[in-house]
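Single-structure report; data block below.
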Amino acid sequence: MAEVKTSRLKQRPLSPHLQIYKPLLTMMMSIVHRITGGAVFFGMLLLVWVLIAAAAGPNAYASVRWFMETLLGRLILFGYTWALIHHMLGGIRHLIWDVGYGFGPVEREWLTVATLVGSIGFTILIWTVGYVVMGGMG
Amino acid sequence: MTEHTQRSMRTPLGRVRHLGSAHHGTRHFWHQRLTSVANVPLTIAVIVIVMGLLGRNHAAVVQILGSTLVAITMLLFIVTSAYHMWLGMQVIIEDYVHDELWKLVILMSNTFFSFAVGLAAAFAILKLSFGL
């Protein structure tokens, strides 16, 4: 049904794609929002693993703790923390825009910078509290 | 198109019927926002809960995750997140996968993954809560 003979199609001008535009911060952060969304999509497996291991018993939970103690485990967990926070703050920014606020040239830049600074800041804060107050991971 | 009109007995209206709006309207968009709003407090709560698990042994972790308020919070987070990530990944797939067969396969996989992840997590929390 959707098969249209290409020979009958005229060559229409296409809308410009990403590489045409100067990379603006708002645009880059929009892309990062999608990337972090994809990351936490798969990062959900981490939470599911912890929950299933806890439900399965001490041995399964011990292997989760062991993995989270490794450098790779820490890196993944650190990345997951940042991606989750960033996607959440980016989501709040998009919700503000959805209801029609923050579109001014100063506000939109401010909101975008706040997302980035906030996500890095909160991630460092969470990990600091995790190490100092909770006495480490695992 | 002209050829088709001449050969077919179908009226122009009959041909285009059911090709228009699926009457789903803005539901997808709305549910994405709905779950995102729900996920803001729930994500903060889950981060706090998970931080409370740090450095604790299995017995303590089971006790925390199985307690009523924590379990309800975790279940809410799992349900809204599984739905939110299902919708979100669907948009990403529809944007980048243009081959019809691949799109179908990957959209299906997205649904299977999201449901499986949600159900597995929900089951684990219920099991911890009911102590079976």
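Letters A, B, ... mark the chains of the structure tokens in the order given; residue numbers begin at 1 per chain; ligand numbers begin at 1, in order shown.
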Checklist entry - What residues in chain B have any atom no more than 9 Å from chain A when counting only C-alpha atoms, and can you write them as a ChimeraX atom specification? => result /B:33,36-37,39-40,43-44,47,51-59,61-62,65,81-82,85-86,88-89,92,114,117-118,120-128,131-132
Dump C-alpha atoms for the selected residues as a CSV table (one decimal), in the first residue's frame?
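Result saved to result-v3.csv:
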chain,number,residue,atom,x,y,z
B,33,ARG,CA,4.1,13.4,31.0
B,36,SER,CA,7.3,11.7,34.4
B,37,VAL,CA,5.5,13.8,37.0
B,39,ASN,CA,8.5,9.7,38.7
B,40,VAL,CA,10.0,12.9,40.2
B,43,THR,CA,12.9,8.6,41.9
B,44,ILE,CA,14.0,10.8,44.9
B,47,ILE,CA,17.4,6.9,45.6
B,51,MET,CA,21.2,4.6,49.8
B,52,GLY,CA,19.7,3.1,52.9
B,53,LEU,CA,20.7,-0.3,51.6
B,54,LEU,CA,24.4,0.5,51.3
B,55,GLY,CA,26.7,-1.5,53.3
B,56,ARG,CA,24.0,-3.6,54.9
B,57,ASN,CA,23.8,-7.4,54.9
B,58,HIS,CA,21.1,-9.5,53.2
B,59,ALA,CA,18.9,-9.8,56.2
B,61,VAL,CA,18.2,-5.4,53.1
B,62,VAL,CA,15.3,-7.9,53.0
B,65,LEU,CA,12.7,-3.6,51.1
B,81,SER,CA,9.0,3.6,35.4
B,82,ALA,CA,8.3,0.5,33.3
B,85,MET,CA,10.5,3.7,29.7
B,86,TRP,CA,8.2,1.7,27.4
B,88,GLY,CA,10.0,6.7,25.8
B,89,MET,CA,11.9,3.9,24.0
B,92,ILE,CA,13.2,6.6,20.0
B,114,SER,CA,9.6,-3.2,29.7
B,117,VAL,CA,11.5,-5.8,33.8
B,118,GLY,CA,8.5,-4.3,35.5
B,120,ALA,CA,10.2,-9.2,37.6
B,121,ALA,CA,10.9,-6.2,39.9
B,122,ALA,CA,7.3,-6.2,41.2
B,123,PHE,CA,7.4,-9.9,41.9
B,124,ALA,CA,10.7,-9.6,43.8
B,125,ILE,CA,9.3,-6.7,46.0
B,126,LEU,CA,6.1,-8.7,46.7
B,127,LYS,CA,8.1,-11.8,47.6
B,128,LEU,CA,10.3,-9.8,49.9
B,131,GLY,CA,8.4,-13.2,53.1
B,132,LEU,CA,7.8,-16.3,51.0
Could I get the residues of stretch 26-110 of chain A with an atom no further than 12 Å from an atom of stretch 9-22 of chain A, each paired with its nearest atom pair and that distance in Å to one decimal, using only C-alpha atoms, sorted by chain and residue number, as JSON lines?
{"residue": "A:Thr26", "atom": "CA", "partner": "A:Lys22", "partner_atom": "CA", "distance": 11.2}
{"residue": "A:Met27", "atom": "CA", "partner": "A:Lys22", "partner_atom": "CA", "distance": 9.3}
{"residue": "A:Met28", "atom": "CA", "partner": "A:Lys22", "partner_atom": "CA", "distance": 10.2}
{"residue": "A:Ile31", "atom": "CA", "partner": "A:Leu18", "partner_atom": "CA", "distance": 10.5}
Output C-alpha atoms for every residue in the selection just made, as a CSV table (one decimal), in the first residue's frame.
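Output contents, as saved in part24.csv:
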chain,number,residue,atom,x,y,z
A,26,THR,CA,19.8,23.5,24.6
A,27,MET,CA,20.1,21.3,21.5
A,28,MET,CA,22.9,19.3,22.9
A,31,ILE,CA,20.1,15.0,22.7
Checklist entry - Among chain B, which residues carry a DSSP assignment of helix (DSSP H, G or I), reported as a ChimeraX atom specification? => result /B:2-7,12-16,27-53,58-66,68-96,100-130
Can you pull out the residues contacting B:Ile106? Cut-off 10 Å, using only C-alpha atoms, and skip same-chain residues under 5 positions away; I want them as a short mmCIF file (atom, residue, chain, number, x, y, z; two decimals) with C-alpha atoms, in the first residue's frame.
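The resulting result.cif:
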data_model
loop_
_atom_site.label_atom_id
_atom_site.label_comp_id
_atom_site.auth_asym_id
_atom_site.auth_seq_id
_atom_site.Cartn_x
_atom_site.Cartn_y
_atom_site.Cartn_z
CA MET B 89 11.89 3.86 24.00
CA GLN B 90 8.97 3.51 21.57
CA ILE B 93 12.66 3.44 17.94
CA GLU B 94 10.04 5.14 15.77
CA VAL B 97 14.30 2.60 12.78
CA GLU B 100 9.16 -1.76 8.72
CA LEU B 101 10.05 -5.30 9.70
CA THR B 111 7.32 -4.06 24.98
CA PHE B 112 8.57 -7.47 26.10
#
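The space separating atom CA of A:Leu75 from atom CA of B:Leu42 comes to 23.7 Å.
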Checklist entry - Pick the closest to B:Thr35 from B:Ser67, B:His23, B:Phe77, B:Tyr96: which is it, counting only C-alpha atoms? => result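 The shortest atom-to-atom distance to B:Thr35 comes from B:Phe77.
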